[in-house]
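Student: The structure file run.cif (mmCIF, C-alpha atoms) is provided below.
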data_data
loop_
_atom_site.label_atom_id
_atom_site.label_comp_id
_atom_site.auth_asym_id
_atom_site.auth_seq_id
_atom_site.Cartn_x
_atom_site.Cartn_y
_atom_site.Cartn_z
CA MET A 1 -10.38 -83.34 -81.70
CA ARG A 2 -10.69 -80.36 -84.01
CA LEU A 3 -12.83 -82.35 -86.43
CA HIS A 4 -15.04 -83.44 -83.55
CA ASP A 5 -15.47 -79.83 -82.41
CA LEU A 6 -16.25 -78.74 -85.97
CA ILE A 7 -18.94 -81.38 -86.39
CA ALA A 8 -20.38 -80.61 -82.95
CA GLY A 9 -20.52 -76.90 -83.73
CA LEU A 10 -22.19 -77.59 -87.06
CA GLY A 11 -24.74 -79.82 -85.36
CA ARG A 12 -25.49 -77.18 -82.75
CA GLY A 13 -25.96 -74.61 -85.49
CA VAL A 14 -28.41 -76.81 -87.38
CA LEU A 15 -30.38 -77.62 -84.23
CA ASP A 16 -30.50 -73.94 -83.22
CA THR A 17 -31.75 -73.02 -86.70
CA ILE A 18 -34.50 -75.63 -86.56
CA ALA A 19 -35.49 -74.55 -83.06
CA GLY A 20 -35.59 -70.91 -84.14
CA ALA A 21 -37.75 -71.74 -87.14
CA GLY A 22 -40.12 -73.62 -84.85
CA ARG A 23 -40.38 -70.70 -82.43
CA LEU A 24 -41.04 -68.33 -85.33
CA ALA A 25 -43.75 -70.61 -86.74
CA LEU A 26 -45.48 -70.85 -83.34
CA PHE A 27 -45.25 -67.07 -82.95
CA ALA A 28 -46.83 -66.58 -86.39
CA LEU A 29 -49.63 -69.06 -85.68
CA GLU A 30 -50.41 -67.41 -82.36
CA GLY A 31 -50.49 -63.97 -83.96
CA LEU A 32 -52.78 -65.18 -86.76
CA SER A 33 -55.10 -66.89 -84.30
CA HIS A 34 -55.82 -63.57 -82.59
CA LEU A 35 -57.14 -62.14 -85.88
CA PHE A 36 -60.19 -64.36 -85.53
CA ARG A 37 -60.85 -63.85 -81.82
CA PRO A 38 -62.28 -60.62 -80.40
CA PRO A 39 -61.42 -58.03 -79.42
CA PHE A 40 -59.49 -56.59 -82.37
CA TYR A 41 -57.64 -53.30 -81.87
CA TRP A 42 -58.63 -51.37 -84.97
CA ARG A 43 -56.75 -48.22 -83.98
CA ASN A 44 -53.48 -50.13 -83.86
CA PHE A 45 -54.30 -51.71 -87.21
CA VAL A 46 -54.97 -48.33 -88.84
CA THR A 47 -51.75 -46.89 -87.43
CA ALA A 48 -49.71 -49.82 -88.73
CA PHE A 49 -51.51 -49.74 -92.09
CA VAL A 50 -50.75 -46.05 -92.57
CA GLU A 51 -47.11 -46.69 -91.64
CA PHE A 52 -46.92 -49.50 -94.18
CA ALA A 53 -48.84 -47.99 -97.05
CA TYR A 54 -48.86 -44.19 -96.87
CA PHE A 55 -45.43 -43.34 -95.50
CA SER A 56 -43.69 -45.96 -97.64
CA LEU A 57 -45.40 -44.78 -100.83
CA PRO A 58 -42.93 -42.04 -101.95
CA VAL A 59 -39.80 -44.21 -101.85
CA VAL A 60 -41.58 -47.20 -103.42
CA ALA A 61 -42.96 -44.98 -106.18
CA LEU A 62 -39.56 -43.45 -106.99
CA THR A 63 -37.89 -46.84 -107.02
CA ALA A 64 -40.56 -48.32 -109.30
CA ILE A 65 -40.59 -45.57 -111.89
CA PHE A 66 -36.80 -45.44 -112.24
CA SER A 67 -36.60 -49.24 -112.34
CA GLY A 68 -39.04 -49.24 -115.26
CA MET A 69 -36.94 -46.63 -117.04
CA VAL A 70 -33.75 -48.63 -116.55
CA ILE A 71 -35.35 -51.86 -117.78
CA ALA A 72 -36.53 -50.12 -120.95
CA LEU A 73 -33.07 -48.69 -121.66
CA GLN A 74 -31.25 -51.95 -120.94
CA SER A 75 -33.74 -53.97 -123.00
CA PHE A 76 -33.36 -51.63 -125.96
CA THR A 77 -29.57 -51.90 -125.78
CA GLY A 78 -29.73 -55.69 -125.99
CA PHE A 79 -32.73 -56.26 -128.24
CA SER A 80 -31.71 -53.72 -130.86
CA ARG A 81 -28.86 -56.07 -131.84
CA PHE A 82 -31.44 -58.63 -132.94
CA GLY A 83 -34.10 -56.29 -134.28
CA ALA A 84 -36.49 -57.24 -131.46
CA GLN A 85 -37.31 -53.78 -130.17
CA SER A 86 -41.04 -54.56 -130.25
CA ALA A 87 -40.56 -56.94 -127.31
CA ILE A 88 -39.41 -54.16 -124.98
CA ALA A 89 -42.95 -53.34 -123.83
CA GLY A 90 -43.53 -56.98 -122.88
CA ILE A 91 -40.22 -57.24 -121.05
CA VAL A 92 -40.94 -54.11 -119.04
CA VAL A 93 -44.45 -55.08 -117.99
CA LEU A 94 -43.59 -58.69 -117.14
CA SER A 95 -40.44 -57.75 -115.23
CA VAL A 96 -42.20 -55.12 -113.19
CA VAL A 97 -45.50 -56.91 -112.52
CA ARG A 98 -44.10 -60.37 -111.85
CA GLU A 99 -40.85 -59.61 -110.05
CA LEU A 100 -39.51 -56.12 -109.58
CA GLY A 101 -42.69 -54.56 -108.23
CA PRO A 102 -43.24 -57.06 -105.39
CA VAL A 103 -39.56 -57.70 -104.62
CA LEU A 104 -38.35 -54.09 -104.63
CA ALA A 105 -41.37 -52.93 -102.64
CA GLY A 106 -40.81 -55.77 -100.17
CA LEU A 107 -37.13 -54.98 -99.68
CA ILE A 108 -37.78 -51.26 -99.27
CA VAL A 109 -40.60 -51.79 -96.79
CA ALA A 110 -38.48 -54.35 -94.91
CA GLY A 111 -35.78 -51.75 -94.43
CA ARG A 112 -38.19 -49.01 -93.48
CA VAL A 113 -41.19 -50.50 -91.68
CA GLY A 114 -39.67 -53.76 -90.46
CA ALA A 115 -36.92 -51.88 -88.68
CA ALA A 116 -39.40 -49.42 -87.17
CA MET A 117 -41.62 -52.23 -85.86
CA ALA A 118 -38.68 -54.07 -84.32
CA ALA A 119 -37.40 -50.89 -82.67
CA GLU A 120 -40.82 -49.92 -81.30
CA ILE A 121 -41.74 -53.32 -79.90
CA GLY A 122 -38.18 -53.96 -78.74
CA THR A 123 -38.19 -50.70 -76.79
CA MET A 124 -41.47 -51.70 -75.20
CA ARG A 125 -39.95 -55.05 -74.23
CA VAL A 126 -36.78 -53.72 -72.61
CA THR A 127 -38.69 -50.97 -70.77
CA ASP A 128 -41.20 -53.52 -69.40
CA GLN A 129 -44.17 -51.99 -71.21
CA ILE A 130 -45.13 -55.40 -72.63
CA ASP A 131 -45.12 -56.84 -69.12
CA ALA A 132 -47.31 -53.90 -68.07
CA LEU A 133 -49.82 -54.83 -70.79
CA THR A 134 -50.00 -58.35 -69.39
CA THR A 135 -50.49 -56.94 -65.90
CA LEU A 136 -53.41 -54.87 -67.22
CA SER A 137 -55.00 -58.05 -68.69
CA THR A 138 -54.20 -57.03 -72.27
CA ASN A 139 -52.73 -59.77 -74.43
CA PRO A 140 -49.57 -58.35 -76.06
CA MET A 141 -49.93 -60.67 -79.06
CA LYS A 142 -53.45 -59.41 -79.68
CA TYR A 143 -52.59 -55.76 -79.01
CA LEU A 144 -49.19 -55.45 -80.73
CA VAL A 145 -48.70 -58.33 -83.15
CA ALA A 146 -52.04 -59.25 -84.74
CA PRO A 147 -52.89 -55.73 -86.04
CA ARG A 148 -49.43 -55.39 -87.59
CA LEU A 149 -49.61 -58.78 -89.29
CA LEU A 150 -52.94 -57.87 -90.88
CA ALA A 151 -51.65 -54.43 -91.89
CA GLY A 152 -48.65 -55.95 -93.65
CA LEU A 153 -50.81 -58.54 -95.37
CA LEU A 154 -53.14 -55.89 -96.81
CA ALA A 155 -50.92 -52.85 -97.30
CA LEU A 156 -48.08 -54.23 -99.39
CA PRO A 157 -50.33 -55.41 -102.27
CA LEU A 158 -51.69 -51.86 -102.52
CA LEU A 159 -48.15 -50.51 -102.68
CA VAL A 160 -47.30 -53.05 -105.36
CA ILE A 161 -50.27 -51.95 -107.49
CA VAL A 162 -48.88 -48.42 -107.43
CA ALA A 163 -45.36 -49.72 -108.10
CA ASP A 164 -46.59 -51.75 -111.09
CA ILE A 165 -48.36 -48.77 -112.62
CA LEU A 166 -45.43 -46.42 -112.13
CA GLY A 167 -42.86 -48.98 -113.28
CA VAL A 168 -44.74 -49.54 -116.53
CA LEU A 169 -45.18 -45.79 -116.85
CA GLY A 170 -41.43 -45.27 -116.46
CA GLY A 171 -40.75 -47.74 -119.28
CA PHE A 172 -43.38 -46.04 -121.41
CA ILE A 173 -41.87 -42.58 -120.89
CA VAL A 174 -38.35 -43.69 -121.81
CA SER A 175 -39.53 -45.74 -124.78
CA VAL A 176 -41.68 -42.96 -126.24
CA VAL A 177 -39.67 -39.86 -125.37
CA LYS A 178 -36.10 -41.14 -125.69
CA LEU A 179 -36.30 -44.21 -127.91
CA GLY A 180 -38.94 -42.95 -130.34
CA PHE A 181 -41.59 -45.64 -129.93
CA SER A 182 -45.18 -45.05 -131.00
CA PRO A 183 -47.32 -44.50 -127.86
CA SER A 184 -50.29 -46.46 -129.19
CA ALA A 185 -48.12 -49.39 -130.35
CA TYR A 186 -46.30 -49.50 -127.02
CA ILE A 187 -49.55 -49.56 -125.06
CA ALA A 188 -50.99 -52.25 -127.34
CA ASN A 189 -47.90 -54.41 -126.89
CA THR A 190 -48.02 -53.93 -123.14
CA PHE A 191 -51.59 -55.22 -122.85
CA SER A 192 -50.98 -58.05 -125.32
CA PHE A 193 -48.09 -59.41 -123.28
CA MET A 194 -49.63 -58.98 -119.82
CA GLN A 195 -51.98 -61.70 -118.58
CA PRO A 196 -54.25 -61.66 -115.50
CA ILE A 197 -52.14 -64.40 -113.90
CA ASP A 198 -49.12 -62.08 -113.94
CA VAL A 199 -50.91 -59.45 -111.87
CA THR A 200 -52.44 -62.06 -109.58
CA VAL A 201 -49.13 -63.71 -108.81
CA GLY A 202 -47.47 -60.35 -108.18
CA LEU A 203 -50.15 -59.36 -105.68
CA ALA A 204 -50.03 -62.79 -104.02
CA LYS A 205 -46.28 -62.38 -103.60
CA ALA A 206 -46.81 -58.92 -102.14
CA ALA A 207 -49.28 -60.24 -99.55
CA VAL A 208 -46.84 -62.95 -98.46
CA PHE A 209 -43.94 -60.48 -98.35
CA GLY A 210 -45.94 -58.00 -96.29
CA PHE A 211 -46.86 -60.69 -93.79
CA LEU A 212 -43.23 -61.84 -93.52
CA ILE A 213 -41.96 -58.29 -93.00
CA ALA A 214 -44.46 -57.62 -90.23
CA LEU A 215 -43.79 -61.02 -88.69
CA MET A 216 -40.04 -60.54 -88.49
CA GLY A 217 -40.37 -56.99 -87.19
CA CYS A 218 -42.73 -58.14 -84.44
CA TYR A 219 -40.83 -61.34 -83.63
CA THR A 220 -37.38 -59.80 -83.26
CA GLY A 221 -38.74 -56.84 -81.32
CA TYR A 222 -40.88 -59.02 -79.07
CA ASN A 223 -37.86 -61.14 -78.14
CA SER A 224 -35.44 -58.26 -77.60
CA ARG A 225 -33.14 -58.45 -74.60
CA GLY A 226 -30.33 -56.39 -73.19
CA GLY A 227 -31.41 -52.75 -73.26
CA ALA A 228 -30.59 -50.33 -76.07
CA GLN A 229 -27.92 -52.61 -77.54
CA GLY A 230 -30.41 -55.47 -77.73
CA VAL A 231 -32.97 -53.26 -79.47
CA GLY A 232 -30.38 -52.26 -82.05
CA ALA A 233 -29.47 -55.89 -82.67
CA SER A 234 -33.15 -56.80 -83.01
CA THR A 235 -33.68 -54.02 -85.54
CA THR A 236 -30.79 -55.23 -87.65
CA SER A 237 -31.97 -58.83 -87.41
CA ALA A 238 -35.49 -57.84 -88.50
CA VAL A 239 -34.27 -56.13 -91.67
CA VAL A 240 -31.80 -58.86 -92.62
CA ALA A 241 -34.16 -61.75 -91.90
CA ALA A 242 -37.11 -60.11 -93.66
CA SER A 243 -35.01 -59.33 -96.75
CA ILE A 244 -33.70 -62.89 -96.95
CA LEU A 245 -37.21 -64.32 -96.51
CA VAL A 246 -38.56 -62.04 -99.24
CA LEU A 247 -35.98 -63.32 -101.70
CA CYS A 248 -36.39 -66.96 -100.67
CA PHE A 249 -40.18 -66.90 -100.86
CA ASP A 250 -39.98 -65.06 -104.17
CA TYR A 251 -38.29 -68.10 -105.65
CA VAL A 252 -40.68 -70.51 -103.93
CA LEU A 253 -43.78 -68.69 -105.17
CA THR A 254 -42.35 -68.30 -108.67
CA GLU A 255 -41.64 -72.03 -108.74
CA MET A 256 -45.20 -72.76 -107.59
CA PHE A 257 -46.94 -70.57 -110.16
CA PHE A 258 -44.70 -70.60 -113.22
CA SER A 259 -42.79 -73.90 -113.25
CA ARG A 260 -43.79 -76.35 -115.95
#
For this file, produce the structure as structure tokens.
Tutor:
Amino acid sequence: MRLHDLIAGLGRGVLDTIAGAGRLALFALEGLSHLFRPPFYWRNFVTAFVEFAYFSLPVVALTAIFSGMVIALQSFTGFSRFGAQSAIAGIVVLSVVRELGPVLAGLIVAGRVGAAMAAEIGTMRVTDQIDALTTLSTNPMKYLVAPRLLAGLLALPLLVIVADILGVLGGFIVSVVKLGFSPSAYIANTFSFMQPIDVTVGLAKAAVFGFLIALMGCYTGYNSRGGAQGVGASTTSAVVAASILVLCFDYVLTEMFFSR
């Protein structure tokens, strides 16, 4: 009997997961469809874009520059054993541009903006403001979701560009000031290692991550239930789900672009 209950519970969990993924996919498709059908609420888009890009910039910038510094120090510690210090510039630029820039920016924005979106939309749901929009003949998906999806899609790549520049700058500062590298040689090595595909893939990852963060913030908030406690649970779910999706899709995109 216990084995039967265990198998039944496992089956229910799998079916619930599949059903949830289907609901999320339909929600995403509906939100995207409203991007191509007028009207489009540009004021909501600008507000969400500023929240994504401008207010997240300081923490993303600090994280990026210190990450670049740490990579340079750690690389020097390991590579100096083999006399391969000249590869540090390449390691820093590839690590930051391909992986750390998009992933760290995505995780930080998921914790900051994803939570805020879920809390805002969730509060609107439990206080019947979304129902009021429907009563006023305003489509909530078009008014609340579509502008945020587009903002996430466009804003995170811009943040990642800044993160890439500052991450490489952090590695440059540590390598030149602390480790005694030649500035001109370090810059030359940086550009010789970096290829256009590295930047392109990093920005493509950022666009996908931004969309996923906005999607999970909107989805969990839109489906909030149960008053203030439900809003809190939705906020937590948005951050956790968005962070997991960022890491999962990071592997998927890396496999797509760099596997041989």
Student: May I ask which of the residues A:Lys142, A:Arg23, A:Arg2, A:Arg225 is the closest one to Phe40 (chain A), counting only C-alpha atoms?
Tutor: A:Lys142
Student: Run the PyMOL selection byres ((chain A and resi 67-74) around 12) against the file shown and list the residues it catches, as a PyMOL selection string.
Tutor: chain A and resi 60-66+75-81+85-97+99-101+103-105+163-181+186
Student: Now that the selection is made, can you save its residues with C-alpha atoms as a JSON list (two decimals), keeping the file's coordinate frame?
Tutor:
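Generated file (part-v4.json):
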[["chain", "number", "residue", "atom", "x", "y", "z"],
["A", 60, "VAL", "CA", -41.58, -47.20, -103.42],
["A", 61, "ALA", "CA", -42.96, -44.98, -106.18],
["A", 62, "LEU", "CA", -39.56, -43.45, -106.99],
["A", 63, "THR", "CA", -37.89, -46.84, -107.02],
["A", 64, "ALA", "CA", -40.56, -48.32, -109.30],
["A", 65, "ILE", "CA", -40.59, -45.57, -111.89],
["A", 66, "PHE", "CA", -36.80, -45.44, -112.24],
["A", 75, "SER", "CA", -33.74, -53.97, -123.00],
["A", 76, "PHE", "CA", -33.36, -51.63, -125.96],
["A", 77, "THR", "CA", -29.57, -51.90, -125.78],
["A", 78, "GLY", "CA", -29.73, -55.69, -125.99],
["A", 79, "PHE", "CA", -32.73, -56.26, -128.24],
["A", 80, "SER", "CA", -31.71, -53.72, -130.86],
["A", 81, "ARG", "CA", -28.86, -56.07, -131.84],
["A", 85, "GLN", "CA", -37.31, -53.78, -130.17],
["A", 86, "SER", "CA", -41.04, -54.56, -130.25],
["A", 87, "ALA", "CA", -40.56, -56.94, -127.31],
["A", 88, "ILE", "CA", -39.41, -54.16, -124.98],
["A", 89, "ALA", "CA", -42.95, -53.34, -123.83],
["A", 90, "GLY", "CA", -43.53, -56.98, -122.88],
["A", 91, "ILE", "CA", -40.22, -57.24, -121.05],
["A", 92, "VAL", "CA", -40.94, -54.11, -119.04],
["A", 93, "VAL", "CA", -44.45, -55.08, -117.99],
["A", 94, "LEU", "CA", -43.59, -58.69, -117.14],
["A", 95, "SER", "CA", -40.44, -57.75, -115.23],
["A", 96, "VAL", "CA", -42.20, -55.12, -113.19],
["A", 97, "VAL", "CA", -45.50, -56.91, -112.52],
["A", 99, "GLU", "CA", -40.85, -59.61, -110.05],
["A", 100, "LEU", "CA", -39.51, -56.12, -109.58],
["A", 101, "GLY", "CA", -42.69, -54.56, -108.23],
["A", 103, "VAL", "CA", -39.56, -57.70, -104.62],
["A", 104, "LEU", "CA", -38.35, -54.09, -104.63],
["A", 105, "ALA", "CA", -41.37, -52.93, -102.64],
["A", 163, "ALA", "CA", -45.36, -49.72, -108.10],
["A", 164, "ASP", "CA", -46.59, -51.75, -111.09],
["A", 165, "ILE", "CA", -48.36, -48.77, -112.62],
["A", 166, "LEU", "CA", -45.43, -46.42, -112.13],
["A", 167, "GLY", "CA", -42.86, -48.98, -113.28],
["A", 168, "VAL", "CA", -44.74, -49.54, -116.53],
["A", 169, "LEU", "CA", -45.18, -45.79, -116.85],
["A", 170, "GLY", "CA", -41.43, -45.27, -116.46],
["A", 171, "GLY", "CA", -40.75, -47.74, -119.28],
["A", 172, "PHE", "CA", -43.38, -46.04, -121.41],
["A", 173, "ILE", "CA", -41.87, -42.58, -120.89],
["A", 174, "VAL", "CA", -38.35, -43.69, -121.81],
["A", 175, "SER", "CA", -39.53, -45.74, -124.78],
["A", 176, "VAL", "CA", -41.68, -42.96, -126.24],
["A", 177, "VAL", "CA", -39.67, -39.86, -125.37],
["A", 178, "LYS", "CA", -36.10, -41.14, -125.69],
["A", 179, "LEU", "CA", -36.30, -44.21, -127.91],
["A", 180, "GLY", "CA", -38.94, -42.95, -130.34],
["A", 181, "PHE", "CA", -41.59, -45.64, -129.93],
["A", 186, "TYR", "CA", -46.30, -49.50, -127.02]]
Student: Residues picked by the PyMOL selection byres ((chain A and resi 239) around 9) here, as a list in words?
Tutor: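 Selected by the PyMOL selection byres ((chain A and resi 239) around 9) in this file: Leu107, Ala110, Gly111, Arg112, Val113, Gly114, Ala115, Ala118, Ile213, Met216, Gly217, Ser234, Thr235, Thr236, Ser237, Ala238, Val240, Ala241, Ala242, Ser243 and Ile244 of chain A.
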Student: What is the distance between CA of Leu158 (chain A) and CA of Pro39 (chain A), in Å to one decimal?
Tutor: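 CA of Leu158 (chain A) sits 25.8 Å away from CA of Pro39 (chain A).
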Student: Identify which of the residues A:Pro38, A:Leu136, A:Thr220, A:Thr47 lies closest to Gly20 (chain A), counting only C-alpha atoms when measuring atom-to-atom distances.
Tutor: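 For Gly20 (chain A), the nearest of the candidates is A:Thr220.
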Student: Kindly output region 78-113 of chain A as a PDB file, in the coordinates of the input, after building N, CA and C atoms.
Tutor:
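Below is the file selection-v6.pdb, written as the result:
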ATOM      1  N   GLY A  78     -29.952 -54.308-125.594  1.00  0.00           N
ATOM      2  CA  GLY A  78     -29.730 -55.690-125.990  1.00  0.00           C
ATOM      3  C   GLY A  78     -30.554 -56.123-127.178  1.00  0.00           C
ATOM      4  N   PHE A  79     -31.829 -55.759-127.193  1.00  0.00           N
ATOM      5  CA  PHE A  79     -32.730 -56.260-128.240  1.00  0.00           C
ATOM      6  C   PHE A  79     -32.491 -55.604-129.591  1.00  0.00           C
ATOM      7  N   SER A  80     -31.939 -54.389-129.592  1.00  0.00           N
ATOM      8  CA  SER A  80     -31.710 -53.720-130.860  1.00  0.00           C
ATOM      9  C   SER A  80     -30.684 -54.468-131.712  1.00  0.00           C
ATOM     10  N   ARG A  81     -29.840 -55.284-131.077  1.00  0.00           N
ATOM     11  CA  ARG A  81     -28.860 -56.070-131.840  1.00  0.00           C
ATOM     12  C   ARG A  81     -29.539 -57.143-132.679  1.00  0.00           C
ATOM     13  N   PHE A  82     -30.728 -57.560-132.243  1.00  0.00           N
ATOM     14  CA  PHE A  82     -31.440 -58.630-132.940  1.00  0.00           C
ATOM     15  C   PHE A  82     -32.714 -58.142-133.624  1.00  0.00           C
ATOM     16  N   GLY A  83     -32.910 -56.838-133.662  1.00  0.00           N
ATOM     17  CA  GLY A  83     -34.100 -56.290-134.280  1.00  0.00           C
ATOM     18  C   GLY A  83     -35.381 -56.662-133.561  1.00  0.00           C
ATOM     19  N   ALA A  84     -35.323 -56.807-132.246  1.00  0.00           N
ATOM     20  CA  ALA A  84     -36.490 -57.240-131.460  1.00  0.00           C
ATOM     21  C   ALA A  84     -36.979 -56.136-130.535  1.00  0.00           C
ATOM     22  N   GLN A  85     -36.903 -54.895-131.020  1.00  0.00           N
ATOM     23  CA  GLN A  85     -37.310 -53.780-130.170  1.00  0.00           C
ATOM     24  C   GLN A  85     -38.778 -53.847-129.768  1.00  0.00           C
ATOM     25  N   SER A  86     -39.613 -54.502-130.561  1.00  0.00           N
ATOM     26  CA  SER A  86     -41.040 -54.560-130.250  1.00  0.00           C
ATOM     27  C   SER A  86     -41.325 -55.344-128.987  1.00  0.00           C
ATOM     28  N   ALA A  87     -40.359 -56.139-128.521  1.00  0.00           N
ATOM     29  CA  ALA A  87     -40.560 -56.940-127.310  1.00  0.00           C
ATOM     30  C   ALA A  87     -40.269 -56.160-126.037  1.00  0.00           C
ATOM     31  N   ILE A  88     -39.794 -54.923-126.161  1.00  0.00           N
ATOM     32  CA  ILE A  88     -39.410 -54.160-124.980  1.00  0.00           C
ATOM     33  C   ILE A  88     -40.611 -53.914-124.062  1.00  0.00           C
ATOM     34  N   ALA A  89     -41.760 -53.592-124.651  1.00  0.00           N
ATOM     35  CA  ALA A  89     -42.950 -53.340-123.830  1.00  0.00           C
ATOM     36  C   ALA A  89     -43.303 -54.573-122.999  1.00  0.00           C
ATOM     37  N   GLY A  90     -43.221 -55.749-123.609  1.00  0.00           N
ATOM     38  CA  GLY A  90     -43.530 -56.980-122.880  1.00  0.00           C
ATOM     39  C   GLY A  90     -42.524 -57.258-121.784  1.00  0.00           C
ATOM     40  N   ILE A  91     -41.240 -57.024-122.064  1.00  0.00           N
ATOM     41  CA  ILE A  91     -40.220 -57.240-121.050  1.00  0.00           C
ATOM     42  C   ILE A  91     -40.428 -56.326-119.860  1.00  0.00           C
ATOM     43  N   VAL A  92     -40.737 -55.073-120.123  1.00  0.00           N
ATOM     44  CA  VAL A  92     -40.940 -54.110-119.040  1.00  0.00           C
ATOM     45  C   VAL A  92     -42.116 -54.516-118.170  1.00  0.00           C
ATOM     46  N   VAL A  93     -43.259 -54.804-118.784  1.00  0.00           N
ATOM     47  CA  VAL A  93     -44.450 -55.080-117.990  1.00  0.00           C
ATOM     48  C   VAL A  93     -44.313 -56.395-117.222  1.00  0.00           C
ATOM     49  N   LEU A  94     -43.739 -57.419-117.847  1.00  0.00           N
ATOM     50  CA  LEU A  94     -43.590 -58.690-117.140  1.00  0.00           C
ATOM     51  C   LEU A  94     -42.561 -58.597-116.020  1.00  0.00           C
ATOM     52  N   SER A  95     -41.462 -57.891-116.271  1.00  0.00           N
ATOM     53  CA  SER A  95     -40.440 -57.750-115.230  1.00  0.00           C
ATOM     54  C   SER A  95     -40.974 -56.998-114.019  1.00  0.00           C
ATOM     55  N   VAL A  96     -41.702 -55.932-114.285  1.00  0.00           N
ATOM     56  CA  VAL A  96     -42.200 -55.120-113.190  1.00  0.00           C
ATOM     57  C   VAL A  96     -43.330 -55.820-112.444  1.00  0.00           C
ATOM     58  N   VAL A  97     -44.304 -56.351-113.169  1.00  0.00           N
ATOM     59  CA  VAL A  97     -45.500 -56.910-112.520  1.00  0.00           C
ATOM     60  C   VAL A  97     -45.187 -58.220-111.819  1.00  0.00           C
ATOM     61  N   ARG A  98     -44.386 -59.065-112.455  1.00  0.00           N
ATOM     62  CA  ARG A  98     -44.100 -60.370-111.850  1.00  0.00           C
ATOM     63  C   ARG A  98     -43.060 -60.304-110.745  1.00  0.00           C
ATOM     64  N   GLU A  99     -41.994 -59.520-110.949  1.00  0.00           N
ATOM     65  CA  GLU A  99     -40.850 -59.610-110.050  1.00  0.00           C
ATOM     66  C   GLU A  99     -40.490 -58.301-109.368  1.00  0.00           C
ATOM     67  N   LEU A 100     -40.118 -57.301-110.177  1.00  0.00           N
ATOM     68  CA  LEU A 100     -39.510 -56.120-109.580  1.00  0.00           C
ATOM     69  C   LEU A 100     -40.464 -55.347-108.688  1.00  0.00           C
ATOM     70  N   GLY A 101     -41.737 -55.265-109.078  1.00  0.00           N
ATOM     71  CA  GLY A 101     -42.690 -54.560-108.230  1.00  0.00           C
ATOM     72  C   GLY A 101     -42.788 -55.162-106.840  1.00  0.00           C
ATOM     73  N   PRO A 102     -43.142 -56.454-106.729  1.00  0.00           N
ATOM     74  CA  PRO A 102     -43.240 -57.060-105.390  1.00  0.00           C
ATOM     75  C   PRO A 102     -41.909 -57.111-104.638  1.00  0.00           C
ATOM     76  N   VAL A 103     -40.829 -57.501-105.326  1.00  0.00           N
ATOM     77  CA  VAL A 103     -39.560 -57.700-104.620  1.00  0.00           C
ATOM     78  C   VAL A 103     -38.972 -56.375-104.157  1.00  0.00           C
ATOM     79  N   LEU A 104     -38.917 -55.380-105.036  1.00  0.00           N
ATOM     80  CA  LEU A 104     -38.350 -54.090-104.630  1.00  0.00           C
ATOM     81  C   LEU A 104     -39.201 -53.433-103.540  1.00  0.00           C
ATOM     82  N   ALA A 105     -40.509 -53.490-103.684  1.00  0.00           N
ATOM     83  CA  ALA A 105     -41.370 -52.930-102.640  1.00  0.00           C
ATOM     84  C   ALA A 105     -41.155 -53.671-101.328  1.00  0.00           C
ATOM     85  N   GLY A 106     -41.035 -55.001-101.387  1.00  0.00           N
ATOM     86  CA  GLY A 106     -40.810 -55.770-100.170  1.00  0.00           C
ATOM     87  C   GLY A 106     -39.500 -55.417 -99.497  1.00  0.00           C
ATOM     88  N   LEU A 107     -38.433 -55.301-100.270  1.00  0.00           N
ATOM     89  CA  LEU A 107     -37.130 -54.980 -99.680  1.00  0.00           C
ATOM     90  C   LEU A 107     -37.108 -53.573 -99.093  1.00  0.00           C
ATOM     91  N   ILE A 108     -37.750 -52.637 -99.785  1.00  0.00           N
ATOM     92  CA  ILE A 108     -37.780 -51.260 -99.270  1.00  0.00           C
ATOM     93  C   ILE A 108     -38.595 -51.190 -97.986  1.00  0.00           C
ATOM     94  N   VAL A 109     -39.749 -51.816 -97.986  1.00  0.00           N
ATOM     95  CA  VAL A 109     -40.600 -51.790 -96.790  1.00  0.00           C
ATOM     96  C   VAL A 109     -39.932 -52.555 -95.641  1.00  0.00           C
ATOM     97  N   ALA A 110     -39.197 -53.626 -95.957  1.00  0.00           N
ATOM     98  CA  ALA A 110     -38.480 -54.350 -94.910  1.00  0.00           C
ATOM     99  C   ALA A 110     -37.465 -53.445 -94.220  1.00  0.00           C
ATOM    100  N   GLY A 111     -36.754 -52.649 -95.012  1.00  0.00           N
ATOM    101  CA  GLY A 111     -35.780 -51.750 -94.430  1.00  0.00           C
ATOM    102  C   GLY A 111     -36.395 -50.596 -93.671  1.00  0.00           C
ATOM    103  N   ARG A 112     -37.567 -50.166 -94.107  1.00  0.00           N
ATOM    104  CA  ARG A 112     -38.190 -49.010 -93.480  1.00  0.00           C
ATOM    105  C   ARG A 112     -39.131 -49.394 -92.345  1.00  0.00           C
ATOM    106  N   VAL A 113     -40.138 -50.191 -92.662  1.00  0.00           N
ATOM    107  CA  VAL A 113     -41.190 -50.500 -91.680  1.00  0.00           C
ATOM    108  C   VAL A 113     -40.768 -51.637 -90.756  1.00  0.00           C
TER     109      VAL A 113
END
